[in-house]
Amino acid sequence: MLLDETYATQRIRLTPDTIFLLDKQGKVWEKIPCNQLPVVLQQIRLTSASWPLDNVADLYEKQYQEHKSEVSGIFTGVRIALDPGHFAHTSQMAQWEKKYVRAKDSLGVVQFIFEANYTWKTARILQDMIEREGGNVMLTRGFQLSALGITATEWLDGDWRKSVDEALQKKWIDADIHQSILKLKDSKQIIRNFFRAHEMQVRAEQINQFQPHLTLSIHYNVEETNVPDKNGHHWLHNNNYSMVFVPGAYAKDELDKPADQRSFVYQNFTGQISLSLIAARIFEKMISDSLRVGPVSLSDASRLKYLSDYSIADSTGVYHRNLAILRMVRYPIILLEPFLQDHAEEFYRLQQLNCRYITKQNDTLWLPCRILETAQTYYHALVLWRETIR
Ligand SMILES: [Zn+2]
């Protein structure tokens, strides 16, 4: 069931002078008088890992003055967090996190590609471009690493139970889940049932500590219905589309936990959603103009479950969706899905290492030209976005 205002009002009741946060039975567990809102937001901020000023927009001018870097350029004084989606460093890990495409190319040879590889390269190049113009950039993970600073395999081979204990201490999981995770023996299950969500929390925590003006969560999409056949192969197709997500659109049962209700109130009263939307619209337009991948059509949007059942459209190709990273980050954030990796032409392009990029540190990166084009497209979108926060 799609969250709409009706559902929200079952958990959050708004009156002209008070916000009521309700439990599952509809009983009030917290009342926030509207004239107390700045104080309450301040309290939420103090009890969370990191919380911005009461009004995110105020951040811009204040921190622009505080954090001018030595290089002066278009992005001087601007902090951008780049979040390369997923963490696989091997084909096995990519299969465990279910973020890969395996398909036969035009010569009938089976090819395997995985998303975490491309998201990191996109972020790394973009980081370079922004830093050359004086911007301050953080990446949530390094090459082939997870956000914990080690590979997922190193994490499994090490003292992974420590992370499970830490998650309990930080109240990211409850005691029952803590116990059930500790009992797991199978590495794949530990990755799927714990590490994926845990690593996401760590990403969000790092981003919140950085207090970025904008976060780009970088992803590459796959057609929703394209699950591997009995030989483990995906099919290739000729339908392509782009989309950009912003926070919001809580679905059924997603406003039951106090932490989720706090996120909801926070997002609605600090300008986080509207600032995210400004960036999202610029990026979607730039993707369709520059990468030549149009926004998802109305017929595809009504067919794709994650759009029809879990998202609310803002404008063409731009959707509110309650994805974990979008919910946990307290600053303007967009999640980018510029094209489908299982589109026949894109799949072909992603296998070519036909472009070379030389970084600021003189490292040579060989990568598909399509990934370089994507990084350049995002850079141009950022230049336009920068104008909106002057
Ligand atoms: Zn992804």
# chains A, B, ... in the order shown; residues from 1 in each chain; ligands from 1

call {"tool": "residues_around", "arguments": {"residues": "Glu346 (chain A)", "least_positions_apart": "3", "cutoff": "10 Å", "atoms": "only C-alpha atoms", "output": "mmCIF file with C-alpha atoms, in the first residue's frame"}}
result
data_model
loop_
_atom_site.group_PDB
_atom_site.id
_atom_site.type_symbol
_atom_site.label_atom_id
_atom_site.label_comp_id
_atom_site.auth_asym_id
_atom_site.auth_seq_id
_atom_site.Cartn_x
_atom_site.Cartn_y
_atom_site.Cartn_z
ATOM 1 C CA LEU A 236 19.067 -8.322 -22.365
ATOM 2 C CA HIS A 237 16.414 -5.976 -23.727
ATOM 3 C CA ASN A 238 15.950 -2.634 -25.471
ATOM 4 C CA ASN A 240 15.877 2.013 -21.095
ATOM 5 C CA PHE A 339 20.104 3.816 -17.007
ATOM 6 C CA LEU A 340 19.572 0.058 -17.008
ATOM 7 C CA GLN A 341 22.659 -2.167 -16.965
ATOM 8 C CA ASP A 342 20.695 -4.994 -18.631
ATOM 9 C CA HIS A 343 19.716 -2.813 -21.603
ATOM 10 C CA ARG A 349 29.135 -0.346 -23.345
ATOM 11 C CA LEU A 350 29.818 -1.336 -19.738
ATOM 12 C CA GLN A 351 32.169 -4.104 -20.828
ATOM 13 C CA ARG A 370 29.776 5.396 -20.564
#

call {"tool": "select_by_dssp", "arguments": {"residues": "region 209-293 of chain A", "states": "strand (DSSP E)", "output": "ChimeraX atom specification"}}
result
/A:214-218,243-246

call {"tool": "write_last_selection", "arguments": {"atoms": "N, CA and C atoms", "output": "short mmCIF file (atom, residue, chain, number, x, y, z; two decimals), in the first residue's frame"}}
result
data_model
loop_
_atom_site.label_atom_id
_atom_site.label_comp_id
_atom_site.auth_asym_id
_atom_site.auth_seq_id
_atom_site.Cartn_x
_atom_site.Cartn_y
_atom_site.Cartn_z
N LEU A 214 24.99 18.61 -0.24
CA LEU A 214 24.25 17.68 -1.10
C LEU A 214 24.95 16.33 -1.08
N THR A 215 24.16 15.26 -1.04
CA THR A 215 24.69 13.90 -1.17
C THR A 215 24.16 13.29 -2.47
N LEU A 216 25.07 12.69 -3.24
CA LEU A 216 24.64 11.91 -4.41
C LEU A 216 24.84 10.45 -4.10
N SER A 217 23.76 9.69 -4.03
CA SER A 217 23.89 8.24 -3.88
C SER A 217 23.87 7.67 -5.29
N ILE A 218 25.00 7.06 -5.68
CA ILE A 218 25.22 6.71 -7.09
C ILE A 218 24.90 5.23 -7.33
N MET A 243 15.76 7.55 -13.61
CA MET A 243 14.93 8.10 -12.52
C MET A 243 15.84 8.60 -11.41
N VAL A 244 15.31 9.56 -10.64
CA VAL A 244 16.06 10.11 -9.50
C VAL A 244 15.11 10.10 -8.30
N PHE A 245 15.63 9.63 -7.15
CA PHE A 245 14.79 9.53 -5.95
C PHE A 245 15.19 10.56 -4.90
N VAL A 246 14.18 11.04 -4.18
CA VAL A 246 14.38 11.93 -3.03
C VAL A 246 13.65 11.30 -1.83
#

call {"tool": "closest_residue", "arguments": {"among": "A:Ala197, A:Cys369, A:Ala116, A:Leu184", "to": "ligand 1", "atoms": "only C-alpha atoms and all ligand atoms"}}
result
A:Ala116

call {"tool": "residues_near_ligand", "arguments": {"ligand": "ligand 1", "cutoff": "8 Å", "atoms": "only C-alpha atoms and all ligand atoms", "output": "list in words"}}
result
Gly85, His86, Lys99, Glu115, Ala116, Ile218, His219, Tyr220, Asn221 and Glu337 of chain A

call {"tool": "residues_around", "arguments": {"residues": "region 372-376 of chain A", "least_positions_apart": "4", "cutoff": "7 Å", "atoms": "only C-alpha atoms", "output": "compact mmCIF listing (two decimals) with N, CA and C atoms, in the first residue's frame"}}
result
# COMPACT_ATOMS: atom_id res chain seq x y z
N THR A 122 32.50 5.98 -10.93
CA THR A 122 31.76 7.23 -11.18
C THR A 122 32.07 8.24 -10.07
N ILE A 125 35.81 9.67 -10.08
CA ILE A 125 36.08 10.69 -11.10
C ILE A 125 35.38 12.00 -10.76
N LEU A 126 34.16 11.87 -10.30
CA LEU A 126 33.39 13.05 -9.92
C LEU A 126 34.08 13.79 -8.77
N LEU A 291 22.92 12.09 -21.24
CA LEU A 291 23.15 10.64 -21.43
C LEU A 291 22.14 10.06 -22.41
N PRO A 368 34.85 2.15 -18.73
CA PRO A 368 33.94 2.34 -19.87
C PRO A 368 33.68 3.83 -20.10
N HIS A 380 28.19 18.42 -14.59
CA HIS A 380 27.48 19.56 -15.19
C HIS A 380 26.19 19.86 -14.43

call {"tool": "atom_distance", "arguments": {"atom1": "CA of Asp83 (chain A)", "atom2": "CA of Gln144 (chain A)"}}
result
13.2 Å

call {"tool": "closest_residue", "arguments": {"among": "A:Gly73, A:Gly134, A:Gly248, A:Pro84", "to": "Tyr310 (chain A)", "atoms": "only C-alpha atoms"}}
result
A:Gly248

call {"tool": "select_by_dssp", "arguments": {"residues": "region 225-340 of chain A", "states": "helix (DSSP H, G or I)", "output": "number ranges by chain"}}
result
A: 258-269, 272-291, 298-303, 305-308, 324-328

call {"tool": "write_last_selection", "arguments": {"atoms": "N, CA and C atoms", "output": "CSV table (one decimal), in the first residue's frame"}}
result
chain,number,residue,atom,x,y,z
A,258,PRO,N,9.4,4.8,16.5
A,258,PRO,CA,9.7,6.2,16.9
A,258,PRO,C,10.8,6.8,16.0
A,259,ALA,N,11.8,6.1,15.7
A,259,ALA,CA,12.9,6.6,14.9
A,259,ALA,C,12.4,7.1,13.5
A,260,ASP,N,11.4,6.3,12.9
A,260,ASP,CA,10.9,6.6,11.6
A,260,ASP,C,10.0,7.8,11.7
A,261,GLN,N,9.2,7.9,12.8
A,261,GLN,CA,8.4,9.1,13.0
A,261,GLN,C,9.2,10.3,13.1
A,262,ARG,N,10.3,10.2,13.8
A,262,ARG,CA,11.2,11.4,14.0
A,262,ARG,C,11.7,11.8,12.6
A,263,SER,N,12.1,10.8,11.8
A,263,SER,CA,12.6,11.1,10.4
A,263,SER,C,11.6,11.9,9.6
A,264,PHE,N,10.3,11.4,9.8
A,264,PHE,CA,9.2,12.0,9.0
A,264,PHE,C,9.0,13.4,9.4
A,265,VAL,N,9.0,13.7,10.7
A,265,VAL,CA,8.8,15.0,11.2
A,265,VAL,C,10.0,15.9,10.8
A,266,TYR,N,11.2,15.4,10.9
A,266,TYR,CA,12.4,16.1,10.6
A,266,TYR,C,12.3,16.5,9.1
A,267,GLN,N,12.1,15.5,8.2
A,267,GLN,CA,12.1,15.8,6.8
A,267,GLN,C,11.1,16.8,6.4
A,268,ASN,N,9.9,16.8,7.1
A,268,ASN,CA,8.9,17.7,6.7
A,268,ASN,C,9.0,19.1,7.3
A,269,PHE,N,9.9,19.3,8.3
A,269,PHE,CA,10.0,20.6,8.9
A,269,PHE,C,11.3,21.3,8.8
A,272,GLN,N,14.5,19.7,4.2
A,272,GLN,CA,15.4,18.7,3.5
A,272,GLN,C,14.8,18.1,2.2
A,273,ILE,N,13.5,17.9,2.2
A,273,ILE,CA,12.8,17.3,1.0
A,273,ILE,C,12.8,18.3,-0.1
A,274,SER,N,12.5,19.6,0.2
A,274,SER,CA,12.4,20.5,-0.9
A,274,SER,C,13.7,20.8,-1.5
A,275,LEU,N,14.8,20.9,-0.6
A,275,LEU,CA,16.1,21.1,-1.2
A,275,LEU,C,16.6,19.9,-2.0
A,276,SER,N,16.2,18.7,-1.6
A,276,SER,CA,16.6,17.5,-2.4
A,276,SER,C,15.9,17.6,-3.7
A,277,LEU,N,14.7,18.0,-3.7
A,277,LEU,CA,13.9,18.1,-5.0
A,277,LEU,C,14.5,19.0,-6.0
A,278,ILE,N,15.0,20.1,-5.5
A,278,ILE,CA,15.7,21.1,-6.4
A,278,ILE,C,16.8,20.4,-7.2
A,279,ALA,N,17.6,19.7,-6.5
A,279,ALA,CA,18.8,19.0,-7.1
A,279,ALA,C,18.3,17.9,-8.0
A,280,ALA,N,17.3,17.1,-7.5
A,280,ALA,CA,16.8,15.9,-8.3
A,280,ALA,C,16.3,16.3,-9.7
A,281,ARG,N,15.5,17.5,-9.7
A,281,ARG,CA,15.0,17.9,-11.0
A,281,ARG,C,16.1,18.3,-12.0
A,282,ILE,N,17.1,19.0,-11.5
A,282,ILE,CA,18.2,19.3,-12.3
A,282,ILE,C,19.0,18.1,-12.9
A,283,PHE,N,19.2,17.1,-12.0
A,283,PHE,CA,19.9,15.9,-12.4
A,283,PHE,C,19.1,15.1,-13.4
A,284,GLU,N,17.8,14.9,-13.2
A,284,GLU,CA,17.0,14.1,-14.1
A,284,GLU,C,17.0,14.8,-15.5
A,285,LYS,N,16.9,16.1,-15.6
A,285,LYS,CA,16.9,16.8,-16.8
A,285,LYS,C,18.3,16.6,-17.5
A,286,MET,N,19.3,16.7,-16.8
A,286,MET,CA,20.7,16.6,-17.3
A,286,MET,C,20.9,15.1,-17.8
A,287,ILE,N,20.4,14.2,-17.1
A,287,ILE,CA,20.6,12.8,-17.5
A,287,ILE,C,19.9,12.6,-18.9
A,288,SER,N,18.6,13.0,-19.0
A,288,SER,CA,17.9,12.8,-20.2
A,288,SER,C,18.6,13.6,-21.4
A,289,ASP,N,19.0,14.8,-21.1
A,289,ASP,CA,19.6,15.6,-22.2
A,289,ASP,C,21.0,15.0,-22.6
A,290,SER,N,21.8,14.7,-21.6
A,290,SER,CA,23.2,14.4,-21.9
A,290,SER,C,23.5,13.0,-22.0
A,291,LEU,N,22.9,12.1,-21.2
A,291,LEU,CA,23.1,10.6,-21.4
A,291,LEU,C,22.1,10.1,-22.4
A,298,LEU,N,5.2,6.8,-18.2
A,298,LEU,CA,4.1,6.5,-17.4
A,298,LEU,C,3.7,5.0,-17.4
A,299,SER,N,3.8,4.4,-18.6
A,299,SER,CA,3.4,3.0,-18.6
A,299,SER,C,4.4,2.1,-17.9
A,300,ASP,N,5.7,2.4,-18.0
A,300,ASP,CA,6.7,1.7,-17.2
A,300,ASP,C,6.5,2.0,-15.7
A,301,ALA,N,6.2,3.2,-15.4
A,301,ALA,CA,6.0,3.6,-13.9
A,301,ALA,C,4.9,2.9,-13.3
A,302,SER,N,3.8,2.6,-14.1
A,302,SER,CA,2.7,1.9,-13.5
A,302,SER,C,2.9,0.4,-13.4
A,303,ARG,N,3.9,-0.1,-14.2
A,303,ARG,CA,4.2,-1.5,-14.2
A,303,ARG,C,5.2,-1.9,-13.1
A,305,LYS,N,6.8,-2.2,-9.7
A,305,LYS,CA,6.2,-2.2,-8.3
A,305,LYS,C,6.8,-1.1,-7.4
A,306,TYR,N,8.1,-1.0,-7.5
A,306,TYR,CA,8.7,0.0,-6.5
A,306,TYR,C,8.3,1.4,-6.8
A,307,LEU,N,7.8,1.7,-8.0
A,307,LEU,CA,7.3,3.0,-8.3
A,307,LEU,C,5.8,3.1,-8.0
A,308,SER,N,5.0,2.1,-8.5
A,308,SER,CA,3.6,2.2,-8.3
A,308,SER,C,3.1,1.9,-6.8
A,324,ALA,N,16.4,3.3,2.5
A,324,ALA,CA,17.2,3.5,3.7
A,324,ALA,C,18.1,4.7,3.8
A,325,ILE,N,18.9,4.8,2.7
A,325,ILE,CA,19.9,5.9,2.8
A,325,ILE,C,19.2,7.2,2.7
A,326,LEU,N,18.1,7.3,2.0
A,326,LEU,CA,17.4,8.6,1.9
A,326,LEU,C,16.7,9.0,3.2
A,327,ARG,N,16.3,7.9,4.0
A,327,ARG,CA,15.6,8.2,5.2
A,327,ARG,C,16.6,8.5,6.3
A,328,MET,N,17.8,7.9,6.3
A,328,MET,CA,18.8,8.1,7.4
A,328,MET,C,19.7,9.3,7.3

call {"tool": "atom_distance", "arguments": {"atom1": "CA of Met93 (chain A)", "atom2": "CA of Ile371 (chain A)"}}
result
21.6 Å

call {"tool": "residues_around", "arguments": {"residues": "Phe114 (chain A)", "least_positions_apart": "3", "cutoff": "8 Å", "atoms": "only C-alpha atoms", "output": "ChimeraX atom specification"}}
result
/A:88,91,94,99-101,117-118

call {"tool": "write_last_selection", "arguments": {"atoms": "C-alpha atoms", "output": "compact mmCIF listing (two decimals), in the first residue's frame"}}
result
# COMPACT_ATOMS: atom_id res chain seq x y z
CA ALA A 88 30.96 -6.09 -3.72
CA SER A 91 31.68 -11.71 -8.39
CA ALA A 94 28.07 -9.27 -6.04
CA LYS A 99 23.76 -6.57 -7.58
CA TYR A 100 25.10 -7.93 -10.89
CA VAL A 101 24.12 -8.79 -14.45
CA ASN A 117 32.44 -1.53 -9.55
CA TYR A 118 30.80 1.17 -11.69
